[in-house]
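Q: My questions all concern the structure below.
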Amino acid sequence: MTERVDGFTLDEIVSRFGGELTGDGRLRILQVATLENAGSDELAFLANTKYRRQLKSCRAGAVIVSPADARDCPLPCIVSDNPYAYYARVAQLLNTPPRAPSGIHPSAVVETELDQSVSIGAGTYVGKNVKIGGDSVIGPGCSIGDGVTLGPQARLYSRVTLYPGCMIGARAIIHSGAVIGADGFGFAREGDGSWTKVPQLGRVVIGNDVEVGANTTIDRGALDDTVIEDGVKLDNQIQIAHNVRIGTRTAIAGCVGIAGSARIGRRCTIGGAAMILGHLTISDDVNISAATLITKSISQPGTYSGAMPFEVHRDWLKNAAQMRHLDAIAGKIRALEARLAQLENGS
Amino acid sequence: MTERVDGFTLDEIVSRFGGELTGDGRLRILQVATLENAGSDELAFLANTKYRRQLKSCRAGAVIVSPADARDCPLPCIVSDNPYAYYARVAQLLNTPPRAPSGIHPSAVVETELDQSVSIGAGTYVGKNVKIGGDSVIGPGCSIGDGVTLGPQARLYSRVTLYPGCMIGARAIIHSGAVIGADGFGFAREGDGSWTKVPQLGRVVIGNDVEVGANTTIDRGALDDTVIEDGVKLDNQIQIAHNVRIGTRTAIAGCVGIAGSARIGRRCTIGGAAMILGHLTISDDVNISAATLITKSISQPGTYSGAMPFEVHRDWLKNAAQMRHLDAIAGKIRALEARLAQLENGS
Amino acid sequence: MTERVDGFTLDEIVSRFGGELTGDGRLRILQVATLENAGSDELAFLANTKYRRQLKSCRAGAVIVSPADARDCPLPCIVSDNPYAYYARVAQLLNTPPRAPSGIHPSAVVETELDQSVSIGAGTYVGKNVKIGGDSVIGPGCSIGDGVTLGPQARLYSRVTLYPGCMIGARAIIHSGAVIGADGFGFAREGDGSWTKVPQLGRVVIGNDVEVGANTTIDRGALDDTVIEDGVKLDNQIQIAHNVRIGTRTAIAGCVGIAGSARIGRRCTIGGAAMILGHLTISDDVNISAATLITKSISQPGTYSGAMPFEVHRDWLKNAAQMRHLDAIAGKIRALEARLAQLENGS
């Protein structure tokens, strides 16, 4: 939920964000909306040419379009090379999050002196020697351990845990239930099969402009730190193990798991439920498809996939049974080739 | 944990829930139990004929059985066409959750006036303009954002987050750690590879009689709403992305992920750890097997599967290696067929 | 974060933990570190011979090595048959967690009388009839339901939920966001497709020396209990369904799901994101590889795997397409074999 501002005219929008305007610049835009639902004081966008015919029935006040789609646009439009990014900027402009009251809620427990511009929600706990940058907003029910550093203009929604010693940069957005800095999964196996805990002495260090989704977990390092570089975006329910490093501007979809000490490059995208094994390196600009298991390092940019196709169950039963015989199938083909060659060359 | 009531006689149970009783109706039943462990004041059930021989050694006071199993039942029994559902109803009757004290715990922070029948647990935060229906019980440590609507007789266990503006129907059961209404994962990619956040302006709208498991996350819509229809049952650690719609009475097992804008039909079942890609449609009455990745729309009811079979590791190594050569294998077979045809027809 | 102690001499370390020392026993060790980063007052370890050449440039005060690596070690060393376990013990010795203040934080709500050695963090809720063993530390924002039993020297980090009636042994370590004892996913399907909730009447019973990772969920049993035996180690975001039993000293990596009533043996290891279907039995000493789906019981110790290999996307497209024709491929091979046999034997 965001506070509704009084809107902006198309002229004001274009003077702020650029783009070429076709139509009456005095039209006041109050909100963004879909092509399907936008009304006369709303701005829609067309990011994908395949929805172009929706323009005909669209009743938006104006539409953000690419140069290719501008020609046929029957509505006032703002032409931009990247309509979706343009839309995102306008949507931000029109929907600033409500300003939380500054100061510490009386029910919060705060053991550090904080800047007066910081907002601390009901029931939140802030330990000793914590640094929180100006204008940060911490929601209700959070737990921020001793020695945490959090940059300015950060926003933590309710019930976020930051374990002691973690460092997080400016403008972080962290959603409910995220846990940053819990112990990595480190145990030494003894001769009798029991496990001795390996203390996890590193931290989690997160750069600027990082968003962390709901119930995502990022473990602290064993000896060195777990590092999330600037501009990384993490969806919900991602698990990042100890000593992982994720390069700047990489975006990771929900339910992904990244095992210990994996290094992910810059500007990668990782599809939902993909899994990355530990101690491997993925180079910059790699795209990993959903539900793919990465079992070895990737040194070349590109798209990598590895999911099983689905089928009607009874077909799957038959095909899956053959998967256990693939090596035998390959052997049979070799044998057939040999026998056939003998027939061809001989007898 | 539930409060033990004084029990009910078999006559009282049958008069309440129907079914045909064989045996002394005055027997008082205090609890439900398994065939294996039930004692003389307990009611067991036989839902699966394959466990029928356990009836012989069973010491329950009575057993709920299907008509087919009633004949051989050596114990008093209630005959029902659906013994498991019958058992569920009796178990509910005998195990009403303990009545939480009405009213707001002194340590809670509540910024809305609530009905006196509502129970708010210790340390819970309730924002402004919240509506909570009568007899709802909110556990300790929850966070309920501004403008949330929650139907009557809802039960939120501890540490649930409802983001601002979400709407949830009657009789909801929401388990600890669930996060409803966090931002969808929406970012526009800029030319330099950085990501601009797309404000998530929709809500989560949940119907009546929905259960949400522990640590499950349901994201708010980008522009329109994310919608969970009546009677949907969600297990733990499920991730539901923005603008998903799930049809009434669909049940989803743990660890499932559903990507943005997917539409799931009514009365579907989705097995554990299945993944549904975004922007696709699954029709009513579809069953998806565990660990299956759904990559395209499904228009016909039925069961769909797509998991890799497991094997002893050394066999898997050999068979998995061939998976990377399947296209080549298909080509070799075509070549063999051609050569063989030539031999057969010729030389 | 841990409190730094004054360190121990190599002599003190060896007299405590055994092992054979080469070098000056008076050297004082303040911390453990990696081979790469250790300084002159730090102790490193070499657990894997493949990193042996790092010893040359290592500037640690001393190194823990195996007998095989001791010969060439240019540094003072402690020789142990299990350098990693030895390292873990020294790391624990040097890094005791900071002692939380005993007693109940004034903002906590505690409805049971507790031992004075117990520490209860800010905003934590403890219900009625709870037993917490001596020297246990409960972090901020936890919720501990009525009738819970927790052994001595337990450590719960912030925002842990223990549902009513759960039993947890000594020295438990439970990380933030874990939910123990939520309802299992039990519903009976009615004739009209709706679901009737089956009350979940069992408990979660956890042995001694168990660690539970962040945001992991363990559901209570339906009638009998869900049981986690002594010494089990669970990573983050694991989902354990109702009535599962996990044998002693089994270790499970992140994102694993275990469906209802599965029985896992002792000393098993389960790789990240593996999924175990319900109502099956896995014997002792089984290792399951990452991302493997276990669909039937395993009666023999060994390693089992079942993941799809990943490829460059365009290769995967071609190979994956053939997976839907494997049964047909097997049929074609049989036909080829028959035709070839006819040619060989005949015409």
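Each chain of the structure tokens is named A, B, ... in the order shown, its residues numbered from 1; ligands are numbered from 1 in display order.
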Least-squares superpose chain C on chain A across all ordered C-alpha pairs, then write out what you get as a CSV table (one decimal) with C-alpha atoms, in the first residue's frame.

A:
```
chain,number,residue,atom,x,y,z
C,1,MET,CA,0.0,0.0,0.0
C,2,THR,CA,1.3,3.3,-1.0
C,3,GLU,CA,0.2,6.9,-0.6
C,4,ARG,CA,-1.5,8.3,-3.6
C,5,VAL,CA,0.0,11.6,-4.7
C,6,ASP,CA,-1.9,14.2,-6.7
C,7,GLY,CA,-0.4,12.9,-9.9
C,8,PHE,CA,1.7,14.5,-12.6
C,9,THR,CA,1.0,15.8,-16.0
C,10,LEU,CA,2.4,14.1,-19.0
C,11,ASP,CA,4.6,17.1,-19.6
C,12,GLU,CA,6.0,16.8,-16.0
C,13,ILE,CA,6.6,13.1,-16.5
C,14,VAL,CA,8.5,13.6,-19.8
C,15,SER,CA,10.5,16.4,-18.4
C,16,ARG,CA,11.6,14.2,-15.6
C,17,PHE,CA,12.2,10.9,-17.4
C,18,GLY,CA,12.7,11.9,-21.0
C,19,GLY,CA,11.0,10.2,-23.9
C,20,GLU,CA,9.0,11.7,-26.8
C,21,LEU,CA,5.4,12.7,-26.1
C,22,THR,CA,2.6,12.5,-28.6
C,23,GLY,CA,-0.6,14.1,-27.4
C,24,ASP,CA,-1.7,16.8,-24.9
C,25,GLY,CA,1.0,17.2,-22.3
C,26,ARG,CA,-1.4,18.8,-19.8
C,27,LEU,CA,-3.2,15.6,-19.1
C,28,ARG,CA,-2.8,14.7,-15.5
C,29,ILE,CA,-1.9,11.1,-14.7
C,30,LEU,CA,-2.9,9.8,-11.3
C,31,GLN,CA,-1.9,6.1,-11.5
C,32,VAL,CA,-0.4,3.4,-13.7
C,33,ALA,CA,-2.5,0.5,-14.8
C,34,THR,CA,-2.7,-2.4,-17.3
C,35,LEU,CA,-3.6,-1.9,-20.9
C,36,GLU,CA,-6.8,-3.8,-20.1
C,37,ASN,CA,-7.9,-1.8,-17.0
C,38,ALA,CA,-6.5,1.7,-17.3
C,39,GLY,CA,-8.8,4.6,-17.2
C,40,SER,CA,-8.6,8.1,-18.6
C,41,ASP,CA,-6.3,9.4,-15.8
C,42,GLU,CA,-4.0,6.4,-15.9
C,43,LEU,CA,-0.9,5.6,-17.8
C,44,ALA,CA,-0.5,2.1,-19.3
C,45,PHE,CA,2.5,0.6,-21.0
C,46,LEU,CA,3.1,-1.8,-23.9
C,47,ALA,CA,6.4,-3.6,-23.3
C,48,ASN,CA,5.7,-6.6,-25.5
C,49,THR,CA,4.7,-6.1,-29.2
C,50,LYS,CA,2.5,-9.2,-29.0
C,51,TYR,CA,0.0,-7.4,-26.9
C,52,ARG,CA,-0.1,-4.5,-29.5
C,53,ARG,CA,-3.7,-5.1,-30.6
C,54,GLN,CA,-4.9,-4.4,-27.0
C,55,LEU,CA,-4.1,-0.8,-27.8
C,56,LYS,CA,-7.3,-0.6,-29.9
C,57,SER,CA,-9.6,-1.1,-27.0
C,58,CYS,CA,-7.4,0.5,-24.4
C,59,ARG,CA,-9.0,3.5,-22.6
C,60,ALA,CA,-5.9,4.7,-20.8
C,61,GLY,CA,-5.1,8.4,-20.7
C,62,ALA,CA,-1.8,7.6,-22.4
C,63,VAL,CA,0.5,4.7,-23.1
C,64,ILE,CA,4.2,4.2,-22.9
C,65,VAL,CA,5.4,2.5,-26.1
C,66,SER,CA,8.5,1.6,-28.0
C,67,PRO,CA,9.4,3.4,-31.2
C,68,ALA,CA,8.2,0.4,-33.2
C,69,ASP,CA,4.8,0.5,-31.6
C,70,ALA,CA,4.4,4.2,-31.6
C,71,ARG,CA,3.3,4.5,-35.2
C,72,ASP,CA,0.0,2.6,-34.8
C,73,CYS,CA,-0.8,3.9,-31.3
C,74,PRO,CA,-4.3,5.4,-31.3
C,75,LEU,CA,-3.8,7.0,-27.9
C,76,PRO,CA,-1.5,9.7,-26.6
C,77,CYS,CA,1.8,8.1,-26.0
C,78,ILE,CA,5.3,8.5,-24.5
C,79,VAL,CA,7.8,6.8,-26.7
C,80,SER,CA,10.8,5.2,-25.0
C,81,ASP,CA,13.4,2.6,-25.9
C,82,ASN,CA,12.6,0.7,-22.8
C,83,PRO,CA,8.8,1.1,-22.0
C,84,TYR,CA,8.9,-1.3,-19.0
C,85,ALA,CA,11.7,0.6,-17.3
C,86,TYR,CA,10.0,3.9,-18.1
C,87,TYR,CA,6.8,2.5,-16.6
C,88,ALA,CA,8.7,1.4,-13.5
C,89,ARG,CA,10.0,4.9,-12.9
C,90,VAL,CA,6.6,6.5,-13.4
C,91,ALA,CA,5.0,3.9,-11.1
C,92,GLN,CA,7.6,4.7,-8.4
C,93,LEU,CA,6.9,8.4,-8.8
C,94,LEU,CA,3.2,7.9,-8.4
C,95,ASN,CA,3.5,5.5,-5.5
C,96,THR,CA,5.9,6.5,-2.8
C,97,PRO,CA,5.7,4.2,0.2
C,98,PRO,CA,3.9,5.8,3.1
C,99,ARG,CA,6.3,7.7,5.3
C,100,ALA,CA,6.7,5.8,8.6
C,101,PRO,CA,6.8,8.0,11.7
C,102,SER,CA,10.3,8.7,12.7
C,103,GLY,CA,11.5,7.6,16.1
C,104,ILE,CA,11.4,4.4,18.1
C,105,HIS,CA,8.1,2.8,19.0
C,106,PRO,CA,7.7,2.7,22.8
C,107,SER,CA,7.3,-1.1,22.6
C,108,ALA,CA,10.6,-1.5,20.8
C,109,VAL,CA,13.8,-2.5,22.7
C,110,VAL,CA,16.8,-0.6,21.4
C,111,GLU,CA,20.2,-0.9,23.0
C,112,THR,CA,22.0,1.6,20.7
C,113,GLU,CA,21.6,5.3,20.2
C,114,LEU,CA,20.1,5.8,16.7
C,115,ASP,CA,19.8,8.7,14.3
C,116,GLN,CA,16.5,10.6,14.9
C,117,SER,CA,15.4,10.0,11.3
C,118,VAL,CA,15.3,6.3,11.8
C,119,SER,CA,12.0,4.6,12.3
C,120,ILE,CA,11.8,1.5,14.5
C,121,GLY,CA,8.5,-0.4,14.6
C,122,ALA,CA,6.6,-1.9,17.5
C,123,GLY,CA,8.2,-4.8,19.3
C,124,THR,CA,11.5,-4.6,17.3
C,125,TYR,CA,14.7,-5.5,19.1
C,126,VAL,CA,18.0,-3.7,18.2
C,127,GLY,CA,21.1,-4.9,20.0
C,128,LYS,CA,24.3,-3.1,21.0
C,129,ASN,CA,26.7,-1.2,18.7
C,130,VAL,CA,24.3,-1.2,15.8
C,131,LYS,CA,24.6,1.5,13.1
C,132,ILE,CA,21.5,2.3,11.1
C,133,GLY,CA,21.8,5.0,8.3
C,134,GLY,CA,19.5,8.0,8.2
C,135,ASP,CA,15.9,7.6,7.0
C,136,SER,CA,15.9,3.9,7.4
C,137,VAL,CA,12.6,2.3,8.3
C,138,ILE,CA,12.5,-0.9,10.4
C,139,GLY,CA,9.1,-2.6,10.6
C,140,PRO,CA,7.5,-4.3,13.6
C,141,GLY,CA,8.9,-7.5,15.2
C,142,CYS,CA,12.4,-7.3,13.7
C,143,SER,CA,15.5,-8.6,15.5
C,144,ILE,CA,18.8,-6.8,14.7
C,145,GLY,CA,21.8,-8.3,16.5
C,146,ASP,CA,24.8,-6.6,18.1
C,147,GLY,CA,27.2,-4.9,15.8
C,148,VAL,CA,25.0,-4.8,12.7
C,149,THR,CA,25.6,-2.1,10.2
C,150,LEU,CA,22.7,-1.0,7.9
C,151,GLY,CA,23.0,1.8,5.3
C,152,PRO,CA,20.8,4.8,4.9
C,153,GLN,CA,17.3,4.7,3.5
C,154,ALA,CA,16.9,1.0,4.1
C,155,ARG,CA,13.5,-0.6,4.5
C,156,LEU,CA,13.0,-3.7,6.6
C,157,TYR,CA,9.5,-5.1,6.7
C,158,SER,CA,8.2,-6.8,9.7
C,159,ARG,CA,9.8,-9.8,11.3
C,160,VAL,CA,13.3,-9.6,9.7
C,161,THR,CA,16.3,-11.1,11.5
C,162,LEU,CA,19.8,-9.7,11.1
C,163,TYR,CA,22.2,-11.8,13.1
C,164,PRO,CA,25.1,-10.0,14.9
C,165,GLY,CA,27.8,-8.4,12.8
C,166,CYS,CA,26.1,-8.4,9.4
C,167,MET,CA,26.7,-5.4,7.1
C,168,ILE,CA,24.1,-4.2,4.7
C,169,GLY,CA,24.5,-1.2,2.3
C,170,ALA,CA,22.3,1.7,1.4
C,171,ARG,CA,18.7,1.5,0.2
C,172,ALA,CA,18.3,-2.2,1.1
C,173,ILE,CA,14.7,-3.6,0.9
C,174,ILE,CA,14.3,-6.7,3.1
C,175,HIS,CA,11.0,-8.5,3.3
C,176,SER,CA,9.3,-10.3,6.2
C,177,GLY,CA,10.7,-13.4,7.5
C,178,ALA,CA,14.1,-13.0,5.9
C,179,VAL,CA,17.0,-14.3,8.0
C,180,ILE,CA,20.4,-12.9,7.3
C,181,GLY,CA,23.5,-14.2,9.1
C,182,ALA,CA,22.4,-17.5,10.6
C,183,ASP,CA,25.1,-20.1,11.0
C,184,GLY,CA,26.3,-21.8,7.8
C,185,PHE,CA,25.8,-25.6,7.8
C,186,GLY,CA,29.2,-26.7,8.9
C,187,PHE,CA,30.0,-29.9,10.8
C,188,ALA,CA,33.0,-32.1,11.0
C,189,ARG,CA,32.2,-35.8,11.0
C,190,GLU,CA,33.8,-37.8,13.8
C,191,GLY,CA,34.9,-41.4,13.6
C,192,ASP,CA,31.7,-42.5,15.3
C,193,GLY,CA,29.5,-40.8,12.8
C,194,SER,CA,28.6,-37.9,15.1
C,195,TRP,CA,29.0,-34.3,14.0
C,196,THR,CA,31.0,-31.6,15.7
C,197,LYS,CA,29.8,-28.1,15.0
C,198,VAL,CA,32.2,-25.8,13.1
C,199,PRO,CA,31.7,-22.3,14.5
C,200,GLN,CA,30.7,-19.9,11.8
C,201,LEU,CA,32.9,-16.9,12.3
C,202,GLY,CA,32.4,-15.0,9.1
C,203,ARG,CA,29.7,-12.4,8.4
C,204,VAL,CA,27.2,-11.6,5.7
C,205,VAL,CA,28.2,-8.5,3.8
C,206,ILE,CA,25.6,-7.0,1.4
C,207,GLY,CA,26.2,-4.1,-0.9
C,208,ASN,CA,23.9,-1.2,-1.9
C,209,ASP,CA,20.5,-1.4,-3.6
C,210,VAL,CA,19.9,-5.0,-2.8
C,211,GLU,CA,16.4,-6.4,-2.3
C,212,VAL,CA,15.8,-9.6,-0.3
C,213,GLY,CA,12.5,-11.5,-0.6
C,214,ALA,CA,10.3,-12.9,2.1
C,215,ASN,CA,11.6,-15.9,4.0
C,216,THR,CA,14.9,-15.9,2.1
C,217,THR,CA,17.9,-17.0,4.2
C,218,ILE,CA,21.5,-16.0,3.7
C,219,ASP,CA,24.0,-17.7,6.0
C,220,ARG,CA,27.1,-16.1,7.5
C,221,GLY,CA,30.5,-17.4,6.3
C,222,ALA,CA,32.5,-20.1,8.1
C,223,LEU,CA,35.8,-18.1,8.3
C,224,ASP,CA,35.5,-15.5,5.5
C,225,ASP,CA,32.3,-13.7,4.7
C,226,THR,CA,29.3,-14.4,2.5
C,227,VAL,CA,29.1,-11.6,0.0
C,228,ILE,CA,26.2,-10.2,-2.0
C,229,GLU,CA,27.3,-7.4,-4.2
C,230,ASP,CA,25.6,-4.1,-5.2
C,231,GLY,CA,22.3,-4.2,-7.0
C,232,VAL,CA,21.5,-7.9,-6.5
C,233,LYS,CA,17.8,-8.8,-6.4
C,234,LEU,CA,16.7,-11.9,-4.5
C,235,ASP,CA,13.1,-13.2,-4.6
C,236,ASN,CA,11.4,-15.2,-1.8
C,237,GLN,CA,12.5,-18.4,-0.2
C,238,ILE,CA,16.0,-18.4,-1.6
C,239,GLN,CA,18.7,-20.2,0.4
C,240,ILE,CA,22.2,-18.9,0.2
C,241,ALA,CA,24.8,-20.9,2.0
C,242,HIS,CA,28.0,-19.8,3.7
C,243,ASN,CA,30.7,-18.2,1.8
C,244,VAL,CA,28.7,-17.8,-1.4
C,245,ARG,CA,29.6,-14.7,-3.4
C,246,ILE,CA,27.0,-13.2,-5.8
C,247,GLY,CA,28.1,-10.6,-8.4
C,248,THR,CA,26.6,-7.2,-8.9
C,249,ARG,CA,23.2,-6.9,-10.6
C,250,THR,CA,22.5,-10.6,-10.6
C,251,ALA,CA,18.8,-11.5,-10.1
C,252,ILE,CA,17.6,-14.7,-8.6
C,253,ALA,CA,14.0,-16.0,-8.7
C,254,GLY,CA,12.1,-17.8,-5.9
C,255,CYS,CA,13.0,-21.1,-4.3
C,256,VAL,CA,16.6,-21.1,-5.6
C,257,GLY,CA,19.3,-22.8,-3.5
C,258,ILE,CA,23.0,-22.0,-3.7
C,259,ALA,CA,25.4,-24.3,-1.8
C,260,GLY,CA,28.5,-23.3,0.1
C,261,SER,CA,31.3,-21.3,-1.5
C,262,ALA,CA,29.7,-21.1,-4.9
C,263,ARG,CA,30.7,-17.9,-6.8
C,264,ILE,CA,28.0,-16.5,-9.1
C,265,GLY,CA,29.1,-13.8,-11.6
C,266,ARG,CA,27.7,-10.4,-12.4
C,267,ARG,CA,24.5,-9.8,-14.3
C,268,CYS,CA,23.4,-13.4,-14.1
C,269,THR,CA,19.8,-14.5,-13.9
C,270,ILE,CA,18.8,-17.6,-12.1
C,271,GLY,CA,15.3,-19.1,-12.7
C,272,GLY,CA,13.0,-20.3,-10.0
C,273,ALA,CA,13.9,-23.5,-8.1
C,274,ALA,CA,17.3,-23.8,-9.8
C,275,MET,CA,20.0,-25.3,-7.5
C,276,ILE,CA,23.7,-24.5,-7.6
C,277,LEU,CA,26.1,-26.9,-6.0
C,278,GLY,CA,28.9,-25.7,-3.8
C,279,HIS,CA,32.5,-24.7,-4.6
C,280,LEU,CA,31.9,-23.9,-8.2
C,281,THR,CA,32.2,-20.7,-10.3
C,282,ILE,CA,29.6,-19.3,-12.7
C,283,SER,CA,30.9,-16.6,-14.9
C,284,ASP,CA,29.3,-13.2,-15.6
C,285,ASP,CA,26.2,-13.0,-17.8
C,286,VAL,CA,25.0,-16.5,-17.4
C,287,ASN,CA,21.3,-17.3,-17.5
C,288,ILE,CA,20.2,-20.5,-15.7
C,289,SER,CA,16.7,-21.8,-16.5
C,290,ALA,CA,14.1,-22.7,-13.9
C,291,ALA,CA,14.5,-26.0,-12.0
C,292,THR,CA,18.0,-26.6,-13.4
C,293,LEU,CA,20.7,-28.2,-11.2
C,294,ILE,CA,24.2,-26.8,-11.8
C,295,THR,CA,26.7,-29.4,-11.0
C,296,LYS,CA,29.9,-27.9,-12.4
C,297,SER,CA,31.4,-24.5,-13.1
C,298,ILE,CA,30.3,-22.5,-16.1
C,299,SER,CA,32.9,-20.4,-17.8
C,300,GLN,CA,31.0,-19.0,-20.8
C,301,PRO,CA,28.1,-16.6,-20.9
C,302,GLY,CA,24.9,-18.1,-22.2
C,303,THR,CA,21.7,-19.9,-21.2
C,304,TYR,CA,21.9,-23.3,-19.5
C,305,SER,CA,19.0,-25.7,-18.8
C,306,GLY,CA,18.5,-29.1,-17.4
C,307,ALA,CA,14.9,-29.8,-16.4
C,308,MET,CA,12.9,-33.0,-17.2
C,309,PRO,CA,10.0,-32.4,-19.6
C,310,PHE,CA,6.6,-33.3,-18.1
C,311,GLU,CA,4.1,-35.6,-19.7
C,312,VAL,CA,0.8,-37.3,-19.2
C,313,HIS,CA,1.5,-39.7,-16.3
C,314,ARG,CA,1.2,-42.9,-18.2
C,315,ASP,CA,3.6,-41.8,-20.9
C,316,TRP,CA,6.0,-40.6,-18.3
C,317,LEU,CA,5.9,-44.0,-16.7
C,318,LYS,CA,7.0,-45.7,-19.9
C,319,ASN,CA,9.6,-43.1,-20.8
C,320,ALA,CA,11.1,-42.7,-17.4
C,321,ALA,CA,11.6,-46.5,-17.2
C,322,GLN,CA,13.8,-46.3,-20.2
C,323,MET,CA,16.0,-43.6,-18.6
C,324,ARG,CA,17.5,-46.3,-16.4
C,325,HIS,CA,18.5,-48.2,-19.6
C,326,LEU,CA,20.1,-45.3,-21.5
C,327,ASP,CA,23.5,-46.7,-21.2
C,328,ALA,CA,22.3,-50.1,-22.4
C,329,ILE,CA,20.5,-48.4,-25.3
C,330,ALA,CA,23.7,-46.7,-26.3
C,331,GLY,CA,25.4,-50.1,-26.2
C,332,LYS,CA,22.7,-51.8,-28.3
C,333,ILE,CA,23.1,-49.1,-30.9
C,334,ARG,CA,26.8,-49.6,-31.1
C,335,ALA,CA,26.2,-53.4,-31.5
C,336,LEU,CA,23.7,-52.8,-34.2
C,337,GLU,CA,26.1,-50.5,-36.1
C,338,ALA,CA,28.8,-53.1,-35.9
C,339,ARG,CA,26.6,-55.9,-37.2
C,340,LEU,CA,25.2,-53.8,-39.9
C,341,ALA,CA,28.7,-52.8,-41.0
C,342,GLN,CA,29.6,-56.4,-41.2
C,343,LEU,CA,26.6,-57.2,-43.4
C,344,GLU,CA,27.3,-54.2,-45.6
C,345,ASN,CA,30.9,-55.0,-46.1
C,346,GLY,CA,30.6,-58.6,-46.2
C,347,SER,CA,28.8,-61.8,-46.6
```

Q: Going by DSSP on the backbone, which residues of range 16-128 of chain C come out as alpha helix (DSSP H)? List them as a list in words.

A: Arg16, Phe17, Pro67, Ala68, Asp69, Ala70, Pro83, Tyr84, Ala85, Tyr86, Tyr87, Ala88, Arg89, Val90, Ala91, Gln92, Leu93 and Leu94 of chain C

Q: Among range 136-346 of chain B, which ones does DSSP place in strand (DSSP E), written as a PyMOL selection string?

A: chain B and resi 137-138+143-144+149-150+155-156+161-162+167-168+173-174+179-182+187-189+195-197+204-206+211-212+217-219+226-228+233-234+239-240+245-246+251-252+257-258+263-264+269-270+275-276+281-282+286-288+293-294+302-305+311-312
